[in-house]
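Chemist: Got a structure for you, written out below as structure tokens; questions coming shortly.
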Amino acid sequence: MCGIVGYTGKAAALSPVLEGLRRLEYRGYDSAGIALAVDAGGPLWVEKRAGKLGNLEEILGDQVPASHAGIGHTRWATHGGPTDTNAHPHLDNEGKLALIHNGIIENYVELRAELEKRGHIFKSETDTESVVHLLSDARKAHHGDLAAAMREVCGQLRGSFTLLAIHSDEPGRIVGARRNSPLVVGVGDGENFLASDVAGFIEFTKHAIELGQDEIVDITSNSIVVTDINGTVLEPRKYEISWDASAAERGGYDHFMLKEIYEQPKTIADTLIGRVAGLDPEITAGIDLTGVTKVVIIACGTAFHAGLVGKYAIEKWSGLTVEVELASEYRYREPSVDANTLVIPISQSGETMDTLMAMRYARSHGARVFSVCNTNGSTIPRESDAVLYTHAGPEIAVASTKAFTAQLIAMYLLGLHFGRIRGVLSDAEQEAIALELAELPAKVEQVLETVEPLRALTRQFKDATSMLFLGRHVGFPTALEGALKLKELAYMHAEGFAGGELKHGPIALIDQGTPVVAIMPSAHSVLAEKMASNIQEVKARGAIIIAISDAPLASADHLIRIPAVHDFLQPVLAVVPLQVIAYEMAIARGNDVDQPRNLAKSVTVE
Ligand code: M6R
């Protein structure tokens with residue numbers, strides 16, 4: 001939620017700041033704004049506009065003053081609507097200090113009341129504006145030391161934040177801080193960067209520094225100082241970014257989502273590579289299964305659906321009891337967790353606040369934490385005992401596709417690992433699963449080669465008011481994922497059901513012409529016949545059946561064939577046509593595919 005960039009260095013600052021915002025726009029697109037420190041001195045140059053970054057770019061013109069340091073923000077609105085005035089940066093009353101923020105300041109009402117009493121004039125409805133006024137006073141109290149002022153202010157804030165500030169009296173300096181919200185440093189040559197994630201500077205440098213909780217960073221073109229909130233200087237934790245800059249480009253595709261759908265054979269192969277025969281001891285060293293009585297998977301949205309599939313595989317292959325919990329609900333019911341609980345948070349971004357908080361709750365009750373994450377250096381893996389990284393590369397489209405299939409692979413790898421070390425899976429079973437896993441990239445490729453006709457078919461249903469998804473066993477979470485994709489992209493009613501549940505209520509939704517996507521269990525499964533009956537039940541009530549199946553199906557009005565595969569692995573193949581349906585439906589209905597309304601890629605607020 002909200003993308004943040006900062007640049008100071010040898011280049012004219014506008015270009016890297018704008019480029020960073022372009023790459024981070026997927027984090028929020030309600031408004032965009034930039035503040036530049038002007039080389040010639042004088043007031044900061046600030047422009048901000050409601051709406052997408054394009055709106056801001058349109059008004060920039062060629063009157064931008066020479067500047068070598070600046071900050072930029074792309075917003076997902078929380079406090080205050082998406083207006084020009086509420087857009088970041090926010091300024092102090094002298095117009096000398098500019099601040100951008102990602103997160104929520106929970107005590108902003110009391111801070112604002114206090115600041116107004118002291119004579120500060122507020123212009124916006126945001127929680128952020130309180131911080132810039134507070135920082136302005138603190139800077140004066142610290143005789144112009146912006147970093148010291150930032151440390152003091154952080155001590156007064158409650159909630160989550162990434163903050164970046166720039167002051168016109170020190171044009172080359174940017175000070176940042178983070179708590180429960182992401183911020184990374186990009187280390188350049190004669191230039192340095194700050195961003196919500198590495199995509200914000202990936203084209204300029206591959207050298208990064210991760211920042212921990214409550215750390216303050218102070219950068220100029222040739223210095224980076226990281227301190228804790230008390231001012232103690234910390235050793236920077238450096239790492240190299242493995243993602244290629246081209247991975248964050250559309251690469252000839254109309255949309256990032258389409259590119260990411262087509263990348264799946266590669267991202268699945270990358271996530272599997274070197275792991276099928278056994279997970280790296282470096283990964284597994286951090287978790288000891290001794291005494292583990294329960295596994296709890298915590299995740300949100302698409303990652304939650306991956307967890308639901310994971311439950312089937314891990315329970316069956318390892319004999320461990322697995323619960324899957326919505327991270328946003330988990331800690332509020334105060335579940336029983338202890339040192340014999342293994343918690344597995346799943347997160348593409350590694351920054352999802354609900355997942356992070358659920359994980360912290362479990363940790364504080366003694367649980368061991370083994371996370372599954374796609375983003376190196378992000379908070380969730382940093383706070384885990386061990387991590388299994390998915391290798392999906394940067395996922396830019398808000399709707400998750402390749403991260404989901406990579407998360408599924410991670411679930412299978414964990415199931416296989418636990419089954420192996422607990423002696424539940426025989427050698428022959430391990431080998432059979434390993435073989436099937438290794439064949440998945442080629443099978444997904446096969447599915448992708450045959451989905452084109454599905455695009456035309458999808459358009460036939462573009463005016464439908466509702467679409468239902470049915471599945472059984474691992475096909476049920478796949479159905480949930482198909483429905484989520486359609487909701488977020490097509491803005492239409494969509495629901496996923498377990499086939500056997502229909503007759504308990506949802507069948508009343510079926511009307512003449514209701515499109516129903518049925519994910520058929522493998523033809524050899526005992527559930528294939530049961531599902532066939534469920535299809536007859538809805539067909540008899542007027543539904544149009546689009547079946548995803550590895551075998552012919554007479555009752556289907558439209559059949560999408562996928563290759564046969566091990567029962568538990570079927571979601572990896574079956575979800576691909578569901579992603580294509582959602583993608584095509586968004587286009588047919590004139591929606592923004594990569595940046596659907598009201599959403600943001602990384603949900604860093606509760
Ligand atoms: O970064 P995370 O995997 O933790 O994100 C979790 C969800 O917010 C995410 O999967 C969301 O549901 C997707 N946009 C759905 O496509």
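By convention here, the chains of the structure tokens are called A, B, ... in the order presented, each chain's residues are numbered starting at 1, and ligands are numbered starting at 1 in the order presented.
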Which residues are near range 577-593 of chain A? Cut-off 9 Å, only C-alpha atoms, ignore same chain within fewer than 4 positions. Put them as a PyMOL selection string.

Modeler: chain A and resi 255-258+261+397-399+401+447-448+451-452+454-459+461-463+478-479+481-483+485-491+517+548+560+573+597

Chemist: If you count only C-alpha atoms and all ligand atoms, which residues end up within 10 Å of ligand 1, as a ChimeraX atom specification?

Modeler: /A:298-306,327,345-356,372-375,380,395,397-401,403-404,407,481-482,484-489,579,595-596,599-604

Chemist: Kindly save the residues from that selection, with N, CA and C atoms included, as a short mmCIF file (atom, residue, chain, number, x, y, z; two decimals), in the first residue's frame.

Modeler:
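File again.cif, as written:
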```cif
data_model
loop_
_atom_site.label_atom_id
_atom_site.label_comp_id
_atom_site.auth_asym_id
_atom_site.auth_seq_id
_atom_site.Cartn_x
_atom_site.Cartn_y
_atom_site.Cartn_z
N ILE A 298 -0.73 -19.57 7.91
CA ILE A 298 -1.46 -18.29 7.99
C ILE A 298 -1.16 -17.48 6.74
N ALA A 299 -2.20 -16.92 6.14
CA ALA A 299 -2.00 -16.17 4.90
C ALA A 299 -3.28 -15.41 4.56
N CYS A 300 -3.20 -14.59 3.54
CA CYS A 300 -4.35 -13.80 3.09
C CYS A 300 -4.57 -14.02 1.60
N GLY A 301 -5.82 -13.86 1.19
CA GLY A 301 -6.16 -13.83 -0.24
C GLY A 301 -5.67 -15.06 -0.98
N THR A 302 -4.99 -14.80 -2.07
CA THR A 302 -4.47 -15.87 -2.91
C THR A 302 -3.52 -16.79 -2.14
N ALA A 303 -2.69 -16.20 -1.31
CA ALA A 303 -1.73 -17.01 -0.53
C ALA A 303 -2.49 -17.95 0.41
N PHE A 304 -3.63 -17.50 0.92
CA PHE A 304 -4.47 -18.35 1.77
C PHE A 304 -4.95 -19.57 0.96
N HIS A 305 -5.32 -19.34 -0.29
CA HIS A 305 -5.78 -20.46 -1.12
C HIS A 305 -4.63 -21.46 -1.36
N ALA A 306 -3.43 -20.94 -1.53
CA ALA A 306 -2.28 -21.84 -1.67
C ALA A 306 -2.13 -22.66 -0.39
N ALA A 327 -5.07 -14.89 8.04
CA ALA A 327 -4.19 -14.14 8.95
C ALA A 327 -4.93 -13.00 9.64
N PRO A 345 3.76 -18.89 7.65
CA PRO A 345 3.13 -17.77 6.95
C PRO A 345 3.49 -17.87 5.46
N ILE A 346 2.51 -17.61 4.62
CA ILE A 346 2.79 -17.58 3.17
C ILE A 346 2.51 -16.16 2.69
N SER A 347 3.46 -15.58 1.98
CA SER A 347 3.26 -14.21 1.49
C SER A 347 4.16 -13.94 0.30
N GLN A 348 3.55 -13.42 -0.76
CA GLN A 348 4.35 -13.00 -1.92
C GLN A 348 5.24 -11.84 -1.52
N SER A 349 4.63 -10.81 -0.94
CA SER A 349 5.36 -9.56 -0.67
C SER A 349 6.25 -9.66 0.57
N GLY A 350 5.84 -10.49 1.51
CA GLY A 350 6.56 -10.56 2.78
C GLY A 350 6.28 -9.36 3.67
N GLU A 351 5.30 -8.55 3.28
CA GLU A 351 5.01 -7.33 4.03
C GLU A 351 3.55 -7.23 4.44
N THR A 352 2.72 -8.21 4.11
CA THR A 352 1.30 -8.11 4.40
C THR A 352 1.09 -8.00 5.92
N MET A 353 0.48 -6.89 6.31
CA MET A 353 0.40 -6.58 7.75
C MET A 353 -0.37 -7.65 8.52
N ASP A 354 -1.49 -8.12 7.96
CA ASP A 354 -2.28 -9.13 8.67
C ASP A 354 -1.44 -10.38 8.93
N THR A 355 -0.69 -10.79 7.93
CA THR A 355 0.12 -12.01 8.05
C THR A 355 1.25 -11.79 9.05
N LEU A 356 1.86 -10.61 8.95
CA LEU A 356 2.96 -10.29 9.85
C LEU A 356 2.49 -10.29 11.31
N VAL A 372 7.07 -18.91 3.91
CA VAL A 372 7.18 -19.11 2.45
C VAL A 372 6.98 -17.72 1.85
N CYS A 373 7.98 -17.24 1.14
CA CYS A 373 7.92 -15.84 0.70
C CYS A 373 8.60 -15.68 -0.65
N ASN A 374 8.17 -14.64 -1.38
CA ASN A 374 8.76 -14.38 -2.71
C ASN A 374 9.73 -13.21 -2.69
N THR A 375 9.79 -12.48 -1.58
CA THR A 375 10.56 -11.23 -1.61
C THR A 375 11.68 -11.24 -0.59
N ILE A 380 8.59 -10.42 6.73
CA ILE A 380 8.14 -11.75 7.20
C ILE A 380 9.30 -12.75 7.22
N GLU A 395 6.40 -9.79 -9.02
CA GLU A 395 5.03 -9.88 -9.52
C GLU A 395 4.45 -8.47 -9.45
N ALA A 397 1.60 -7.20 -11.52
CA ALA A 397 0.13 -7.10 -11.60
C ALA A 397 -0.43 -7.29 -10.20
N VAL A 398 -1.46 -6.53 -9.88
CA VAL A 398 -2.05 -6.63 -8.54
C VAL A 398 -2.63 -8.04 -8.33
N ALA A 399 -3.26 -8.57 -9.35
CA ALA A 399 -3.82 -9.93 -9.23
C ALA A 399 -2.69 -10.95 -9.28
N SER A 400 -2.62 -11.75 -8.27
CA SER A 400 -1.51 -12.69 -8.16
C SER A 400 -1.73 -13.92 -9.04
N THR A 401 -0.71 -14.29 -9.80
CA THR A 401 -0.81 -15.48 -10.68
C THR A 401 0.41 -16.36 -10.46
N ALA A 403 2.89 -15.96 -8.55
CA ALA A 403 3.26 -16.15 -7.14
C ALA A 403 2.43 -17.28 -6.54
N PHE A 404 1.15 -17.39 -6.98
CA PHE A 404 0.29 -18.46 -6.46
C PHE A 404 0.83 -19.83 -6.84
N GLN A 407 3.77 -20.61 -4.88
CA GLN A 407 3.42 -20.95 -3.48
C GLN A 407 2.92 -22.39 -3.40
N GLU A 481 -9.90 -19.66 -5.62
CA GLU A 481 -8.93 -18.77 -6.26
C GLU A 481 -9.48 -18.23 -7.59
N GLY A 482 -10.17 -19.10 -8.35
CA GLY A 482 -10.77 -18.65 -9.62
C GLY A 482 -11.78 -17.55 -9.37
N LEU A 484 -11.90 -15.50 -6.70
CA LEU A 484 -11.21 -14.28 -6.23
C LEU A 484 -10.64 -13.50 -7.41
N LYS A 485 -10.01 -14.22 -8.34
CA LYS A 485 -9.42 -13.54 -9.51
C LYS A 485 -10.50 -12.80 -10.28
N LEU A 486 -11.65 -13.45 -10.46
CA LEU A 486 -12.71 -12.81 -11.25
C LEU A 486 -13.28 -11.59 -10.53
N LYS A 487 -13.46 -11.71 -9.22
CA LYS A 487 -13.98 -10.57 -8.45
C LYS A 487 -13.05 -9.37 -8.60
N GLU A 488 -11.75 -9.61 -8.36
CA GLU A 488 -10.86 -8.44 -8.32
C GLU A 488 -10.63 -7.83 -9.69
N LEU A 489 -10.77 -8.63 -10.74
CA LEU A 489 -10.48 -8.09 -12.08
C LEU A 489 -11.73 -7.70 -12.87
N GLN A 579 -7.12 -18.14 -14.45
CA GLN A 579 -6.43 -16.84 -14.55
C GLN A 579 -6.75 -16.18 -15.89
N GLN A 595 -4.10 -2.83 -12.60
CA GLN A 595 -4.36 -2.02 -11.40
C GLN A 595 -5.86 -1.92 -11.16
N PRO A 596 -6.48 -3.02 -10.75
CA PRO A 596 -7.93 -3.00 -10.54
C PRO A 596 -8.34 -1.99 -9.47
N LEU A 599 -7.80 -1.48 -5.15
CA LEU A 599 -6.83 -2.45 -4.62
C LEU A 599 -5.41 -1.89 -4.61
N ALA A 600 -4.54 -2.60 -3.94
CA ALA A 600 -3.11 -2.31 -4.00
C ALA A 600 -2.40 -3.65 -3.88
N LYS A 601 -1.21 -3.71 -4.40
CA LYS A 601 -0.51 -4.99 -4.45
C LYS A 601 -0.15 -5.51 -3.06
N SER A 602 0.39 -4.64 -2.27
CA SER A 602 0.97 -5.10 -1.02
C SER A 602 0.18 -4.43 0.11
N VAL A 603 -0.51 -5.24 0.91
CA VAL A 603 -1.46 -4.66 1.86
C VAL A 603 -0.77 -4.48 3.21
N THR A 604 -0.17 -3.32 3.38
CA THR A 604 0.66 -3.10 4.56
C THR A 604 -0.08 -2.37 5.68
#
```

Chemist: So how many Å separate CA of Gly72 in chain A and CA of Gly251 in chain A, to one decimal?

Modeler: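 CA of Gly251 in chain A lies 25.1 Å from CA of Gly72 in chain A.
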
Chemist: Under the rule that only C-alpha atoms are counted, which of A:Ala339, A:Leu211, A:Ile396, A:Leu440 is the nearest residue to Pro563 in chain A?

Modeler: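 Of all the options, A:Leu440 lies closest to Pro563 in chain A.
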
Chemist: Using only C-alpha atoms, which residues sit within 12 Å of Val444 in chain A once same-chain residues fewer than 2 positions away are excluded, as an mmCIF file with N, CA and C atoms, in the first residue's frame?

Modeler:
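Saved the output as part.cif:
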```cif
data_model
loop_
_atom_site.group_PDB
_atom_site.id
_atom_site.type_symbol
_atom_site.label_atom_id
_atom_site.label_comp_id
_atom_site.auth_asym_id
_atom_site.auth_seq_id
_atom_site.Cartn_x
_atom_site.Cartn_y
_atom_site.Cartn_z
ATOM 1 N N ILE A 261 1.263 -14.623 -16.262
ATOM 2 C CA ILE A 261 0.604 -15.923 -16.506
ATOM 3 C C ILE A 261 1.525 -16.783 -17.374
ATOM 4 N N TYR A 262 2.084 -16.166 -18.411
ATOM 5 C CA TYR A 262 2.918 -16.934 -19.345
ATOM 6 C C TYR A 262 4.300 -17.259 -18.782
ATOM 7 N N GLU A 263 4.684 -16.586 -17.721
ATOM 8 C CA GLU A 263 6.000 -16.882 -17.110
ATOM 9 C C GLU A 263 5.952 -18.143 -16.246
ATOM 10 N N GLN A 264 4.752 -18.672 -16.003
ATOM 11 C CA GLN A 264 4.634 -19.717 -14.974
ATOM 12 C C GLN A 264 5.460 -20.987 -15.212
ATOM 13 N N PRO A 265 5.594 -21.462 -16.460
ATOM 14 C CA PRO A 265 6.464 -22.644 -16.586
ATOM 15 C C PRO A 265 7.861 -22.371 -16.022
ATOM 16 N N LYS A 266 8.356 -21.159 -16.271
ATOM 17 C CA LYS A 266 9.709 -20.832 -15.800
ATOM 18 C C LYS A 266 9.744 -20.633 -14.274
ATOM 19 N N THR A 267 8.742 -19.916 -13.751
ATOM 20 C CA THR A 267 8.803 -19.617 -12.313
ATOM 21 C C THR A 267 8.568 -20.888 -11.477
ATOM 22 N N ILE A 268 7.765 -21.809 -12.038
ATOM 23 C CA ILE A 268 7.569 -23.099 -11.342
ATOM 24 C C ILE A 268 8.891 -23.873 -11.364
ATOM 25 N N ALA A 269 9.523 -23.899 -12.547
ATOM 26 C CA ALA A 269 10.808 -24.612 -12.655
ATOM 27 C C ALA A 269 11.836 -23.978 -11.720
ATOM 28 N N LYS A 402 1.563 -15.903 -10.956
ATOM 29 C CA LYS A 402 2.751 -16.754 -10.869
ATOM 30 C C LYS A 402 3.196 -16.940 -9.412
ATOM 31 N N THR A 405 1.139 -20.030 -8.116
ATOM 32 C CA THR A 405 1.623 -21.361 -8.509
ATOM 33 C C THR A 405 2.971 -21.660 -7.835
ATOM 34 N N LEU A 437 6.274 -33.652 -9.952
ATOM 35 C CA LEU A 437 6.613 -32.233 -9.755
ATOM 36 C C LEU A 437 7.512 -31.749 -10.891
ATOM 37 N N ALA A 438 8.493 -32.576 -11.224
ATOM 38 C CA ALA A 438 9.452 -32.183 -12.260
ATOM 39 C C ALA A 438 8.768 -31.983 -13.614
ATOM 40 N N GLU A 439 7.645 -32.677 -13.819
ATOM 41 C CA GLU A 439 6.952 -32.556 -15.115
ATOM 42 C C GLU A 439 6.016 -31.349 -15.184
ATOM 43 N N LEU A 440 5.807 -30.693 -14.056
ATOM 44 C CA LEU A 440 4.817 -29.605 -14.038
ATOM 45 C C LEU A 440 5.114 -28.449 -15.006
ATOM 46 N N PRO A 441 6.369 -27.962 -15.076
ATOM 47 C CA PRO A 441 6.594 -26.828 -15.997
ATOM 48 C C PRO A 441 6.152 -27.152 -17.422
ATOM 49 N N ALA A 442 6.474 -28.344 -17.900
ATOM 50 C CA ALA A 442 6.093 -28.713 -19.281
ATOM 51 C C ALA A 442 4.576 -28.817 -19.396
ATOM 52 N N GLN A 446 1.917 -26.768 -21.744
ATOM 53 C CA GLN A 446 0.873 -27.389 -22.589
ATOM 54 C C GLN A 446 -0.467 -26.670 -22.393
ATOM 55 N N VAL A 447 -0.799 -26.376 -21.131
ATOM 56 C CA VAL A 447 -2.073 -25.688 -20.861
ATOM 57 C C VAL A 447 -2.062 -24.327 -21.553
ATOM 58 N N LEU A 448 -0.940 -23.619 -21.428
ATOM 59 C CA LEU A 448 -0.864 -22.274 -22.009
ATOM 60 C C LEU A 448 -1.008 -22.314 -23.532
ATOM 61 N N GLU A 449 -0.542 -23.420 -24.129
ATOM 62 C CA GLU A 449 -0.658 -23.527 -25.591
ATOM 63 C C GLU A 449 -2.094 -23.720 -26.045
ATOM 64 N N THR A 450 -2.959 -24.115 -25.124
ATOM 65 C CA THR A 450 -4.333 -24.442 -25.553
ATOM 66 C C THR A 450 -5.385 -23.462 -25.019
ATOM 67 N N VAL A 451 -4.967 -22.403 -24.308
ATOM 68 C CA VAL A 451 -5.981 -21.529 -23.687
ATOM 69 C C VAL A 451 -6.562 -20.454 -24.611
ATOM 70 N N ARG A 561 -9.446 -28.824 -21.779
ATOM 71 C CA ARG A 561 -8.664 -30.002 -21.393
ATOM 72 C C ARG A 561 -7.339 -29.591 -20.779
ATOM 73 N N ILE A 562 -6.982 -30.254 -19.682
ATOM 74 C CA ILE A 562 -5.653 -30.068 -19.093
ATOM 75 C C ILE A 562 -4.999 -31.447 -19.000
ATOM 76 N N PRO A 563 -3.678 -31.503 -18.951
ATOM 77 C CA PRO A 563 -3.035 -32.818 -18.863
ATOM 78 C C PRO A 563 -3.346 -33.511 -17.534
ATOM 79 N N ALA A 564 -3.316 -34.848 -17.581
ATOM 80 C CA ALA A 564 -3.497 -35.613 -16.335
ATOM 81 C C ALA A 564 -2.257 -35.413 -15.465
ATOM 82 N N VAL A 565 -2.487 -35.390 -14.151
ATOM 83 C CA VAL A 565 -1.382 -35.150 -13.228
ATOM 84 C C VAL A 565 -1.761 -35.752 -11.875
ATOM 85 N N LEU A 569 -1.525 -32.278 -7.272
ATOM 86 C CA LEU A 569 -0.824 -31.235 -8.038
ATOM 87 C C LEU A 569 -1.734 -30.553 -9.047
ATOM 88 N N GLN A 570 -2.954 -31.042 -9.181
ATOM 89 C CA GLN A 570 -3.827 -30.525 -10.236
ATOM 90 C C GLN A 570 -4.072 -29.007 -10.182
ATOM 91 N N PRO A 571 -4.147 -28.385 -8.984
ATOM 92 C CA PRO A 571 -4.382 -26.928 -8.959
ATOM 93 C C PRO A 571 -3.385 -26.128 -9.794
ATOM 94 N N VAL A 572 -2.145 -26.620 -9.884
ATOM 95 C CA VAL A 572 -1.122 -25.879 -10.643
ATOM 96 C C VAL A 572 -1.548 -25.758 -12.111
ATOM 97 N N LEU A 573 -2.193 -26.794 -12.619
ATOM 98 C CA LEU A 573 -2.642 -26.758 -14.021
ATOM 99 C C LEU A 573 -4.019 -26.111 -14.135
ATOM 100 N N ALA A 574 -4.919 -26.476 -13.227
ATOM 101 C CA ALA A 574 -6.315 -26.031 -13.348
ATOM 102 C C ALA A 574 -6.469 -24.529 -13.141
ATOM 103 N N VAL A 575 -5.552 -23.929 -12.377
ATOM 104 C CA VAL A 575 -5.723 -22.495 -12.106
ATOM 105 C C VAL A 575 -5.379 -21.641 -13.328
ATOM 106 N N VAL A 576 -4.586 -22.176 -14.233
ATOM 107 C CA VAL A 576 -4.150 -21.355 -15.379
ATOM 108 C C VAL A 576 -5.344 -20.898 -16.228
ATOM 109 N N PRO A 577 -6.255 -21.804 -16.634
ATOM 110 C CA PRO A 577 -7.437 -21.309 -17.370
ATOM 111 C C PRO A 577 -8.275 -20.330 -16.547
#
```

Chemist: Work out how far CA of Leu163 in chain A is from CA of Arg179 in chain A, in Å to one decimal.

Modeler: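 Calculated distance between CA of Arg179 in chain A and CA of Leu163 in chain A is 9.1 Å.
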
Chemist: Which of these residues is nearest to Glu334 in chain A, using only C-alpha atoms: A:Ala358, A:Val605, A:Leu408, A:Val296?

Modeler: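 Going through A:Ala358, A:Val605, A:Leu408, A:Val296 one by one, the smallest distance to Glu334 in chain A is for A:Ala358.
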
Chemist: When you count only C-alpha atoms, which of these residues is closest to Ile545 in chain A: A:Asp280, A:Leu527, A:Phe568, A:Val516?

Modeler: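 Closest candidate: A:Val516.
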
Chemist: For the helix (DSSP H, G or I) assignment from backbone DSSP, which residues of range 8-236 of chain A qualify? Please present them as an MDAnalysis selection string.

Modeler: chainID A and resid 14:27 53:60 108:117 128:141 146:156 198:200

Chemist: Tell me which protein, DNA and RNA residues are within 9 Å of Leu14 in chain A, counting only C-alpha atoms, leaving out same-chain ones fewer than 2 positions away, and put them as a ChimeraX atom specification.

Modeler: /A:7,11-12,16-19,34,36,64,66-71

Chemist: Please report the interatomic distance between CA of Met467 in chain A and CA of Gly496 in chain A in Å with one decimal.

Modeler: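 If I compute the distance from CA of Met467 in chain A to CA of Gly496 in chain A, I get 8.9 Å.
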
Chemist: Name the residues of range 150-320 of chain A that fall into strand (DSSP E or B) according to DSSP on the backbone, using the chain letters and numbers of this document, as a ChimeraX atom specification.

Modeler: /A:159-167,174-179,184-187,191-195,207-210,215-220,223-228,233,237-240,294-299

Chemist: Could you list, as a tab-separated table (two decimals) with all heavy atoms, in the first residue's frame, every residue within 7 Å of Trp76 in chain A, counting only C-alpha atoms and ignoring same-chain residues fewer than 2 positions away?

Modeler:
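The resulting file, out_1.tsv, is reproduced below:
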```tsv
chain	number	residue	atom	x	y	z
A	1	MET	N	0.85	-1.18	0.00
A	1	MET	CA	0.00	0.00	0.00
A	1	MET	C	0.88	1.22	0.00
A	1	MET	O	1.65	1.39	0.91
A	1	MET	CB	-0.82	0.10	1.26
A	1	MET	CG	-1.51	-1.08	1.64
A	1	MET	SD	-3.21	-1.02	1.95
A	1	MET	CE	-3.86	-1.97	0.67
A	2	CYS	N	0.74	2.05	-0.98
A	2	CYS	CA	1.58	3.23	-1.19
A	2	CYS	C	2.99	2.80	-1.60
A	2	CYS	O	3.58	1.91	-1.01
A	2	CYS	CB	1.69	4.14	0.03
A	2	CYS	SG	0.11	4.77	0.59
A	28	GLY	N	-0.21	1.22	-5.22
A	28	GLY	CA	-1.29	2.15	-4.90
A	28	GLY	C	-1.38	3.16	-6.02
A	28	GLY	O	-0.34	3.57	-6.54
A	29	TYR	N	-2.58	3.55	-6.40
A	29	TYR	CA	-2.69	4.44	-7.56
A	29	TYR	C	-3.84	5.42	-7.41
A	29	TYR	O	-4.52	5.76	-8.36
A	29	TYR	CB	-2.78	3.64	-8.87
A	29	TYR	CG	-3.41	2.27	-8.74
A	29	TYR	CD1	-4.79	2.10	-8.85
A	29	TYR	CD2	-2.63	1.14	-8.50
A	29	TYR	CE1	-5.36	0.85	-8.71
A	29	TYR	CE2	-3.21	-0.11	-8.36
A	29	TYR	CZ	-4.57	-0.25	-8.47
A	29	TYR	OH	-5.14	-1.50	-8.34
A	30	ASP	N	-4.06	5.86	-6.15
A	30	ASP	CA	-5.10	6.87	-5.91
A	30	ASP	C	-4.59	8.28	-6.19
A	30	ASP	O	-5.37	9.19	-6.48
A	30	ASP	CB	-5.59	6.79	-4.46
A	30	ASP	CG	-6.47	5.57	-4.24
A	30	ASP	OD1	-7.12	5.14	-5.20
A	30	ASP	OD2	-6.51	5.07	-3.11
A	78	THR	N	-6.05	5.85	2.70
A	78	THR	CA	-6.69	5.34	3.92
A	78	THR	C	-7.42	6.50	4.59
A	78	THR	O	-8.63	6.56	4.56
A	78	THR	CB	-5.68	4.69	4.89
A	78	THR	OG1	-4.70	5.65	5.25
A	78	THR	CG2	-5.04	3.46	4.30
A	600	ALA	N	-4.54	-2.60	-3.94
A	600	ALA	CA	-3.11	-2.31	-4.00
A	600	ALA	C	-2.40	-3.65	-3.88
A	600	ALA	O	-2.95	-4.60	-3.34
A	600	ALA	CB	-2.69	-1.41	-2.86
```

Chemist: I need the residue nearest Glu606 in chain A from this list: A:Thr465, A:Asn55, A:Ser130, A:Ser160. Use only C-alpha atoms for the distance.

Modeler: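 Once distances to Glu606 in chain A are computed over only C-alpha atoms, the minimum belongs to A:Ser160.
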
Chemist: Please list as a ChimeraX atom specification every residue within 8 Å of Phe161 in chain A, counting only C-alpha atoms and excluding residues in the same chain fewer than 4 positions away.

Modeler: /A:101-105,177-181

Chemist: Output the selection as a compact mmCIF listing (two decimals), in the first residue's frame - N, CA and C atoms for each residue.

Modeler:
```txt
# COMPACT_ATOMS: atom_id res chain seq x y z
N HIS A 101 4.58 9.17 3.27
CA HIS A 101 4.28 8.16 4.29
C HIS A 101 3.52 6.99 3.68
N ASN A 102 3.88 5.80 4.12
CA ASN A 102 3.09 4.59 3.83
C ASN A 102 2.73 3.99 5.18
N GLY A 103 1.44 3.69 5.39
CA GLY A 103 1.04 3.08 6.65
C GLY A 103 -0.09 3.87 7.29
N ILE A 104 -0.28 3.67 8.58
CA ILE A 104 -1.34 4.39 9.30
C ILE A 104 -0.79 4.88 10.63
N ILE A 105 -0.98 6.19 10.89
CA ILE A 105 -0.60 6.75 12.19
C ILE A 105 -1.84 6.68 13.08
N ALA A 177 12.49 6.37 7.77
CA ALA A 177 12.29 5.55 8.97
C ALA A 177 11.24 4.50 8.65
N ARG A 178 11.29 3.39 9.37
CA ARG A 178 10.25 2.38 9.15
C ARG A 178 9.86 1.65 10.43
N ARG A 179 8.54 1.37 10.50
CA ARG A 179 8.01 0.49 11.54
C ARG A 179 6.83 -0.26 10.92
N ASN A 180 6.92 -1.56 10.86
CA ASN A 180 5.84 -2.42 10.33
C ASN A 180 5.44 -2.08 8.90
N SER A 181 6.32 -1.48 8.17
CA SER A 181 6.03 -1.07 6.81
C SER A 181 7.38 -1.09 6.08
```

Chemist: As a list in words, please: the residues near range 189-203 of chain A (cut-off 6 Å, only C-alpha atoms, same-chain neighbours under 5 positions excluded).

Modeler: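 Counting only the stated atoms, we get Gly3, Ile4, Val5, Gly6, Tyr7, Thr8, Gly9, Lys10, Gly20, Arg23, Leu24, Pro182, Leu183, Val184, Ser221, Asn222 and Ala245 of chain A.
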